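A.B. asks: Contents of query.txt (compact mmCIF, C-alpha atoms and all ligand atoms):
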# COMPACT_ATOMS: atom_id res chain seq x y z
CA MET A 1 -28.69 17.27 -10.67
CA SER A 2 -26.91 14.11 -9.56
CA GLU A 3 -24.08 14.19 -7.11
CA LYS A 4 -20.53 13.33 -7.91
CA ILE A 5 -19.67 9.99 -6.31
CA LEU A 6 -16.16 9.46 -7.69
CA GLU A 7 -13.37 11.79 -8.62
CA VAL A 8 -10.07 10.63 -10.08
CA LYS A 9 -7.37 13.30 -10.23
CA ASP A 10 -4.07 13.08 -12.12
CA LEU A 11 -3.78 9.37 -11.45
CA CYS A 12 -0.46 7.74 -12.35
CA LYS A 13 0.65 4.15 -11.86
CA ASN A 14 4.12 2.98 -12.78
CA TYR A 15 5.36 -0.58 -12.75
CA GLY A 16 9.07 -1.41 -12.70
CA LYS A 17 11.77 1.19 -13.15
CA GLY A 18 14.59 2.27 -15.44
CA SER A 19 14.51 0.42 -18.74
CA THR A 20 11.55 -1.73 -17.61
CA LEU A 21 9.39 1.20 -16.45
CA VAL A 22 5.77 0.89 -17.61
CA LYS A 23 3.44 3.85 -17.17
CA ALA A 24 0.26 1.78 -16.85
CA LEU A 25 -1.73 4.94 -15.99
CA ASP A 26 -0.42 8.31 -17.06
CA ASP A 27 -2.28 11.31 -15.67
CA VAL A 28 -5.84 10.00 -15.72
CA SER A 29 -8.60 12.32 -14.51
CA PHE A 30 -12.38 11.95 -14.66
CA SER A 31 -15.40 11.97 -12.40
CA VAL A 32 -18.53 9.85 -12.16
CA GLU A 33 -21.96 10.86 -10.94
CA GLU A 34 -24.10 8.80 -8.61
CA GLY A 35 -26.14 6.28 -10.58
CA GLU A 36 -24.06 6.41 -13.74
CA PHE A 37 -23.28 3.20 -15.64
CA VAL A 38 -19.83 3.66 -17.17
CA ALA A 39 -18.08 1.27 -19.56
CA ILE A 40 -14.30 1.36 -19.84
CA VAL A 41 -12.88 0.07 -23.11
CA GLY A 42 -9.41 -0.04 -24.65
CA SER A 43 -7.01 -2.55 -26.12
CA SER A 44 -5.22 -5.14 -24.03
CA GLY A 45 -2.50 -3.51 -21.90
CA SER A 46 -4.11 -0.04 -22.04
CA GLY A 47 -4.43 0.14 -18.23
CA LYS A 48 -8.08 -0.82 -17.66
CA SER A 49 -7.52 -3.40 -14.91
CA THR A 50 -4.88 -1.24 -13.24
CA LEU A 51 -7.40 1.61 -13.06
CA LEU A 52 -10.16 -0.61 -11.70
CA HIS A 53 -7.91 -2.15 -9.06
CA ILE A 54 -6.89 1.30 -7.84
CA LEU A 55 -10.54 2.42 -7.73
CA GLY A 56 -11.24 -0.66 -5.63
CA ALA A 57 -8.23 0.11 -3.41
CA VAL A 58 -6.71 -3.31 -3.98
CA ASP A 59 -3.73 -1.52 -5.54
CA LYS A 60 -2.18 1.88 -4.80
CA PRO A 61 -1.41 4.67 -7.27
CA THR A 62 2.11 6.00 -7.81
CA SER A 63 0.63 9.50 -7.60
CA GLY A 64 -2.71 11.25 -7.89
CA LYS A 65 -5.95 11.00 -5.99
CA VAL A 66 -9.13 8.96 -5.82
CA ILE A 67 -12.04 10.54 -3.97
CA VAL A 68 -15.17 8.49 -3.26
CA GLY A 69 -18.00 10.50 -1.75
CA ASP A 70 -16.06 12.77 0.57
CA VAL A 71 -13.25 10.29 1.31
CA ASP A 72 -9.76 10.78 -0.08
CA VAL A 73 -9.22 7.03 -0.45
CA PHE A 74 -5.43 6.75 -0.24
CA LYS A 75 -5.08 9.26 2.58
CA GLN A 76 -6.73 6.70 4.87
CA LYS A 77 -4.74 4.51 7.27
CA ASP A 78 -4.54 0.80 6.39
CA ASP A 79 -7.36 -0.31 8.71
CA ALA A 80 -9.71 2.37 7.38
CA LEU A 81 -8.69 1.38 3.85
CA ALA A 82 -9.65 -2.25 4.58
CA VAL A 83 -13.08 -1.13 5.79
CA PHE A 84 -13.44 1.09 2.71
CA ARG A 85 -12.70 -1.95 0.51
CA ARG A 86 -15.37 -4.04 2.21
CA ARG A 87 -18.13 -1.42 2.42
CA LYS A 88 -17.74 1.24 -0.23
CA VAL A 89 -16.78 -0.68 -3.34
CA GLY A 90 -17.87 -4.03 -4.74
CA LEU A 91 -15.58 -5.87 -7.14
CA ILE A 92 -16.69 -8.35 -9.79
CA TYR A 93 -14.02 -10.29 -11.69
CA GLN A 94 -13.97 -12.22 -14.95
CA PHE A 95 -13.21 -15.46 -13.10
CA TYR A 96 -15.68 -14.86 -10.25
CA ASN A 97 -13.17 -15.40 -7.38
CA LEU A 98 -15.63 -17.33 -5.23
CA ILE A 99 -14.43 -19.32 -2.22
CA PRO A 100 -14.67 -22.99 -3.30
CA ILE A 101 -15.54 -24.44 0.12
CA LEU A 102 -18.35 -21.97 0.82
CA ASN A 103 -21.87 -22.39 -0.57
CA VAL A 104 -23.79 -19.72 -2.48
CA GLU A 105 -25.31 -18.04 0.58
CA GLU A 106 -22.00 -18.13 2.47
CA ASN A 107 -20.08 -16.64 -0.46
CA MET A 108 -22.64 -13.86 -0.80
CA THR A 109 -22.65 -12.92 2.88
CA LEU A 110 -18.91 -13.26 3.50
CA PRO A 111 -18.14 -9.50 3.19
CA ILE A 112 -20.77 -8.71 5.84
CA LEU A 113 -19.52 -11.39 8.24
CA LEU A 114 -15.88 -10.31 7.75
CA ASP A 115 -17.06 -6.87 8.72
CA GLY A 116 -18.48 -8.23 12.00
CA LYS A 117 -21.98 -7.13 11.01
CA SER A 118 -25.18 -9.11 10.81
CA VAL A 119 -26.80 -9.97 7.52
CA ASP A 120 -30.01 -8.20 6.51
CA LYS A 121 -32.00 -11.38 5.81
CA ASN A 122 -34.72 -9.60 3.83
CA TYR A 123 -32.21 -7.94 1.54
CA LEU A 124 -30.33 -11.24 1.13
CA LYS A 125 -33.56 -13.00 0.12
CA GLU A 126 -34.45 -10.20 -2.28
CA LEU A 127 -31.02 -10.43 -3.91
CA ILE A 128 -31.16 -14.22 -4.15
CA ASP A 129 -34.56 -13.95 -5.87
CA ILE A 130 -33.39 -11.26 -8.29
CA LEU A 131 -30.28 -13.29 -9.09
CA GLY A 132 -32.40 -16.40 -9.70
CA LEU A 133 -30.43 -18.43 -7.15
CA GLU A 134 -33.33 -19.54 -4.89
CA ARG A 135 -32.73 -23.21 -5.65
CA ARG A 136 -28.95 -23.00 -5.46
CA ILE A 137 -28.30 -21.39 -2.06
CA ASN A 138 -26.69 -24.53 -0.60
CA HIS A 139 -24.62 -25.35 -3.69
CA LEU A 140 -20.85 -25.01 -3.86
CA PRO A 141 -19.29 -22.95 -6.69
CA ASN A 142 -18.11 -26.05 -8.59
CA GLU A 143 -21.74 -27.23 -8.71
CA LEU A 144 -22.80 -24.11 -10.62
CA SER A 145 -22.56 -22.93 -14.23
CA GLY A 146 -20.28 -20.01 -15.08
CA GLY A 147 -23.27 -17.67 -15.37
CA GLN A 148 -24.59 -18.80 -11.97
CA GLN A 149 -21.17 -18.30 -10.38
CA GLN A 150 -20.99 -14.81 -11.81
CA ARG A 151 -24.49 -14.11 -10.40
CA VAL A 152 -23.22 -15.15 -6.96
CA SER A 153 -20.28 -12.77 -7.30
CA ILE A 154 -22.69 -9.97 -8.24
CA GLY A 155 -24.69 -10.79 -5.12
CA ARG A 156 -21.51 -10.70 -3.04
CA ALA A 157 -20.67 -7.29 -4.50
CA LEU A 158 -24.18 -5.90 -3.90
CA ILE A 159 -24.79 -7.27 -0.39
CA SER A 160 -22.93 -4.48 1.37
CA LYS A 161 -24.74 -1.83 -0.71
CA PRO A 162 -21.48 -0.31 -1.92
CA ASP A 163 -21.27 3.18 -3.40
CA ILE A 164 -19.74 1.78 -6.57
CA ILE A 165 -19.69 -1.59 -8.32
CA LEU A 166 -16.44 -2.23 -10.20
CA ALA A 167 -16.54 -5.03 -12.76
CA ASP A 168 -13.55 -6.30 -14.78
CA GLU A 169 -14.80 -8.11 -17.91
CA PRO A 170 -17.70 -9.65 -15.95
CA THR A 171 -18.98 -11.50 -19.01
CA GLY A 172 -15.56 -12.27 -20.50
CA ASN A 173 -15.83 -15.94 -19.63
CA LEU A 174 -19.50 -16.51 -20.46
CA ASP A 175 -21.51 -17.54 -23.52
CA SER A 176 -23.76 -14.95 -25.14
CA LYS A 177 -26.95 -15.98 -23.31
CA ALA A 178 -25.31 -15.89 -19.87
CA SER A 179 -23.58 -12.61 -20.83
CA ARG A 180 -26.92 -11.04 -21.62
CA GLU A 181 -28.34 -12.21 -18.27
CA ILE A 182 -25.39 -10.73 -16.38
CA MET A 183 -25.72 -7.43 -18.25
CA ASP A 184 -29.45 -7.38 -17.48
CA LEU A 185 -28.68 -7.91 -13.77
CA LEU A 186 -26.11 -5.12 -13.70
CA ARG A 187 -28.58 -2.82 -15.45
CA LEU A 188 -31.31 -3.85 -12.99
CA SER A 189 -29.12 -3.07 -9.97
CA ASN A 190 -28.32 0.27 -11.61
CA GLU A 191 -32.01 1.06 -12.11
CA LYS A 192 -33.57 -0.55 -9.02
CA TYR A 193 -30.94 0.42 -6.42
CA GLY A 194 -29.47 3.45 -8.22
CA GLN A 195 -26.20 1.58 -8.12
CA THR A 196 -23.21 3.31 -9.74
CA ILE A 197 -21.36 0.87 -12.01
CA ILE A 198 -17.97 1.01 -13.69
CA MET A 199 -17.47 -1.95 -16.01
CA ILE A 200 -14.51 -2.94 -18.16
CA THR A 201 -15.31 -4.70 -21.40
CA HIS A 202 -13.64 -5.28 -24.74
CA ASP A 203 -17.04 -5.88 -26.34
CA MET A 204 -18.32 -2.67 -27.96
CA ASN A 205 -21.85 -4.06 -28.13
CA LEU A 206 -21.87 -4.43 -24.34
CA ALA A 207 -20.18 -1.05 -23.87
CA LYS A 208 -22.96 0.58 -25.88
CA THR A 209 -25.54 -0.56 -23.32
CA ALA A 210 -23.85 1.71 -20.71
CA ASP A 211 -24.59 5.44 -20.21
CA ARG A 212 -21.07 6.49 -21.03
CA ILE A 213 -17.94 5.01 -22.61
CA ILE A 214 -14.42 5.93 -21.50
CA THR A 215 -11.67 4.74 -23.84
CA LEU A 216 -8.14 4.15 -22.52
CA GLU A 217 -5.06 3.88 -24.71
CA ASP A 218 -1.52 3.53 -23.32
CA GLY A 219 -2.60 4.69 -19.87
CA HIS A 220 -4.42 7.79 -21.15
CA ILE A 221 -8.08 8.60 -21.59
CA VAL A 222 -8.41 9.19 -25.34
CA LYS A 223 -12.20 9.43 -25.47
CA ASP A 224 -15.00 9.99 -22.96
CA GLU A 225 -18.48 10.05 -24.43
CA LYS A 226 -21.95 10.10 -22.92
CA ILE A 227 -24.23 7.91 -24.98
CA LYS A 228 -27.44 8.24 -22.96
P1 LIG B 301 -5.57 -4.01 -19.41
O1 LIG B 301 -6.42 -4.44 -18.26
O2 LIG B 301 -6.10 -2.83 -20.15
O3 LIG B 301 -5.27 -5.13 -20.36
P2 LIG B 301 -3.49 -3.68 -17.41
O4 LIG B 301 -4.00 -2.61 -16.53
O5 LIG B 301 -3.60 -5.07 -16.92
O6 LIG B 301 -4.15 -3.53 -18.86
O7 LIG B 301 -1.95 -3.39 -17.74
C1 LIG B 301 -1.47 -2.12 -18.16
C2 LIG B 301 0.02 -2.21 -18.38
O8 LIG B 301 0.68 -2.40 -17.13
C3 LIG B 301 0.45 -3.35 -19.27
O9 LIG B 301 1.54 -2.90 -20.06
C4 LIG B 301 0.89 -4.41 -18.29
O10 LIG B 301 1.89 -5.22 -18.87
C5 LIG B 301 1.45 -3.60 -17.15
N1 LIG B 301 1.28 -4.26 -15.83
C6 LIG B 301 0.10 -4.59 -15.27
N2 LIG B 301 0.29 -5.17 -14.05
C7 LIG B 301 1.64 -5.21 -13.88
C8 LIG B 301 2.49 -5.69 -12.82
N3 LIG B 301 1.98 -6.23 -11.70
N4 LIG B 301 3.83 -5.56 -12.99
C9 LIG B 301 4.36 -5.00 -14.10
N5 LIG B 301 3.61 -4.52 -15.12
C10 LIG B 301 2.27 -4.63 -15.03
MG MG B 302 -7.36 -6.29 -17.84
Rewrite the coordinates I just gave you, this time as structure tokens.
Ligand code: ADP
Ligand code: MG
C.D. replies:
Amino acid sequence: MSEKILEVKDLCKNYGKGSTLVKALDDVSFSVEEGEFVAIVGSSGSGKSTLLHILGAVDKPTSGKVIVGDVDVFKQKDDALAVFRRRKVGLIYQFYNLIPILNVEENMTLPILLDGKSVDKNYLKELIDILGLERRINHLPNELSGGQQQRVSIGRALISKPDIILADEPTGNLDSKASREIMDLLRLSNEKYGQTIIMITHDMNLAKTADRIITLEDGHIVKDEKIK
């Protein structure tokens, strides 16, 4: 039996008010077990990014709860929430969000340094090898291909060994070969490190490589199916 790593309870997120009120998330509940690889699908505007941003604590819910491990995420004070963001969750975005003036190694280790901790050099080297970035560690982001930049952002997400990796269309900006490589890396981190992954995609072929597919429509979960 695996342990539950994430629990989302009655999550609501409203934007605007009155005639411009949008219920981006409307009473969303689900849980995820440690080591699961979950794909979130749904049409544009269905609330996928809103959900992922709340799971990553970069946005706050209007009501409802997110529990990661034994932490009630939004009950924490702001400083604890900042630490939670750096250590417990790793975010991967469609457009990588790397720091342009930092090289590959510096981008990857930034979360650790911001946390005032020292980098585990062996783990860093292992990640760099797995990501195939050995010969790029001193390169700046604009000297890398899109696929390489996304690999750096995966390394940055994995370096702090977070409980959960959250990825928003991580291959949305890549060609099919680079997309496959990124999916293989996410699957590898899931298998090798037992990493729990929640990934948004609009590509059903990619979604089908996950263990489970959650479908959002209009801020609701309309389907939640285990496929492995
Ligand atoms: P998805 O990622 O599935 O395309 P989003 O989570 O980005 O959907 O958006 C869900 C809904 O919330 C959409 O109707 C969108 O217009 C609205 N929304 C998202 N962010 C904001 C915001 N900052 N202000 C107002 N409305 C927003
Ligand atoms: Mg989105």
A.B. asks: What separation in Å, quoted to one decimal, exists between atom CA of A:Ile213 and atom CA of A:Val38?
C.D. replies: 5.9 Å
A.B. asks: For a quick check of understanding, using only C-alpha atoms, which of A:Asp203, A:Asp168, A:Glu105, A:Glu36 has the smallest distance to A:Thr50?
C.D. replies: A:Asp168
A.B. asks: Measure the distance from atom N5 of ligand LIG 301 (chain B) to atom CA of A:Val22 in Å and round it to one decimal.
C.D. replies: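 Distance between the two atoms: 6.3 Å.
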A.B. asks: Can you pull out the residues contacting stretch 117-134 of chain A? Cut-off 12 Å, using all atoms listed in the file, and skip same-chain residues under 4 positions away; I want them as a ChimeraX atom specification.
C.D. replies: /A:83,86-87,103-113,138-139,144-145,147-161,181-186,188-189,192-193
A.B. asks: Which residue out of A:Lys17, A:Phe30, A:Gly146, A:Ser176 has the minimum interatomic distance to A:Lys65 when all atoms listed in the file are used?
C.D. replies: A:Phe30
A.B. asks: Might I get the box with edges along x, y and z of the file that holds all atoms of ligand LIG 301 (chain B) listed there, padded by 5 Å on every side, given as centre and edge lengths in Å to one decimal, as lines of an AutoDock Vina configuration file?
C.D. replies:
center_x = -1.0
center_y = -4.2
center_z = -16.0
size_x = 20.8
size_y = 14.1
size_z = 18.7
A.B. asks: Quick one: everything within 10 Å of A:Asn173, counting only C-alpha atoms, minus sequence neighbours fewer than 4 positions away in the same chain. Send it as a list in words.
C.D. replies: Tyr93, Gln94, Phe95, Tyr96, Gly146, Gly147, Gln150, Glu169, Ala178 and Ser179 of chain A
A.B. asks: What is the atom CA of A:Glu33 to atom CA of A:Thr196 distance in Å?
C.D. replies: 7.7 Å
A.B. asks: Check every protein, DNA and RNA residue against ligand LIG 301 (chain B), keep those with an atom at most 7 Å away (counting all atoms listed in the file), and present them as an MDAnalysis selection string.
C.D. replies: chainID A and resid 15:16 22:24 42:51
A.B. asks: Save out the residues we just selected, C-alpha atoms, as a PDB file, keeping the file's coordinate frame.
C.D. replies:
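result02.pdb, freshly written:
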ATOM      1  CA  TYR A  15       5.360  -0.580 -12.750  1.00  0.00           C
ATOM      2  CA  GLY A  16       9.070  -1.410 -12.700  1.00  0.00           C
ATOM      3  CA  VAL A  22       5.770   0.890 -17.610  1.00  0.00           C
ATOM      4  CA  LYS A  23       3.440   3.850 -17.170  1.00  0.00           C
ATOM      5  CA  ALA A  24       0.260   1.780 -16.850  1.00  0.00           C
ATOM      6  CA  GLY A  42      -9.410  -0.040 -24.650  1.00  0.00           C
ATOM      7  CA  SER A  43      -7.010  -2.550 -26.120  1.00  0.00           C
ATOM      8  CA  SER A  44      -5.220  -5.140 -24.030  1.00  0.00           C
ATOM      9  CA  GLY A  45      -2.500  -3.510 -21.900  1.00  0.00           C
ATOM     10  CA  SER A  46      -4.110  -0.040 -22.040  1.00  0.00           C
ATOM     11  CA  GLY A  47      -4.430   0.140 -18.230  1.00  0.00           C
ATOM     12  CA  LYS A  48      -8.080  -0.820 -17.660  1.00  0.00           C
ATOM     13  CA  SER A  49      -7.520  -3.400 -14.910  1.00  0.00           C
ATOM     14  CA  THR A  50      -4.880  -1.240 -13.240  1.00  0.00           C
ATOM     15  CA  LEU A  51      -7.400   1.610 -13.060  1.00  0.00           C
TER      16      LEU A  51
END
A.B. asks: Taking all atoms listed in the file into account, which of A:Val28, A:Leu11, A:Val68, A:Ile137 comes nearest A:Val89?
C.D. replies: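 Residue with the minimum atom-to-atom distance to A:Val89: A:Val68.
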A.B. asks: Do you know which residues are at most 9 Å from A:Ala210 counting only C-alpha atoms, after dropping those on the same chain fewer than 5 positions away, and could you put them as number ranges by chain?
C.D. replies: A: 36-39, 187, 199, 226-228
A.B. asks: Which of these residues is nearest to A:Leu6, using only C-alpha atoms: A:Gly69, A:Gly18, A:Gly56, A:Gly219?
C.D. replies: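 Looking at the shortest contact to A:Leu6, the residue is A:Gly69.
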A.B. asks: Write only C-alpha atoms for stretch 8-51 of chain A from the block just shown, as a tab-separated table (two decimals), in the first residue's frame.
C.D. replies:
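Output saved as out20.tsv:
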chain	number	residue	atom	x	y	z
A	8	VAL	CA	-7.16	18.30	-2.18
A	9	LYS	CA	-10.44	19.00	-0.41
A	10	ASP	CA	-13.34	21.09	-1.75
A	11	LEU	CA	-10.99	23.46	-3.52
A	12	CYS	CA	-12.54	26.61	-4.97
A	13	LYS	CA	-10.85	29.51	-6.74
A	14	ASN	CA	-12.78	32.55	-7.90
A	15	TYR	CA	-11.43	35.38	-10.00
A	16	GLY	CA	-13.18	38.74	-10.17
A	17	LYS	CA	-16.59	39.38	-8.69
A	18	GLY	CA	-20.17	40.28	-9.56
A	19	SER	CA	-20.80	40.07	-13.29
A	20	THR	CA	-17.13	39.23	-13.99
A	21	LEU	CA	-16.91	36.40	-11.44
A	22	VAL	CA	-15.13	33.32	-12.83
A	23	LYS	CA	-15.21	30.10	-10.83
A	24	ALA	CA	-11.89	28.77	-12.13
A	25	LEU	CA	-12.07	25.85	-9.65
A	26	ASP	CA	-15.41	24.78	-8.26
A	27	ASP	CA	-15.29	22.23	-5.47
A	28	VAL	CA	-12.38	20.09	-6.62
A	29	SER	CA	-11.41	17.11	-4.45
A	30	PHE	CA	-8.96	14.28	-5.10
A	31	SER	CA	-5.93	12.63	-3.58
A	32	VAL	CA	-2.65	11.35	-4.97
A	33	GLU	CA	-0.49	8.53	-3.67
A	34	GLU	CA	3.26	8.68	-3.31
A	35	GLY	CA	4.93	7.72	-6.58
A	36	GLU	CA	1.89	8.24	-8.79
A	37	PHE	CA	2.29	9.89	-12.20
A	38	VAL	CA	-0.90	11.86	-12.83
A	39	ALA	CA	-1.84	13.68	-16.03
A	40	ILE	CA	-4.35	16.52	-15.90
A	41	VAL	CA	-6.21	17.21	-19.12
A	42	GLY	CA	-9.08	19.49	-20.10
A	43	SER	CA	-9.86	22.19	-22.63
A	44	SER	CA	-8.33	25.64	-22.47
A	45	GLY	CA	-9.80	27.65	-19.57
A	46	SER	CA	-10.93	24.54	-17.65
A	47	GLY	CA	-8.81	25.47	-14.60
A	48	LYS	CA	-5.72	23.27	-15.05
A	49	SER	CA	-3.08	25.97	-14.48
A	50	THR	CA	-5.06	27.49	-11.61
A	51	LEU	CA	-5.10	24.08	-9.91
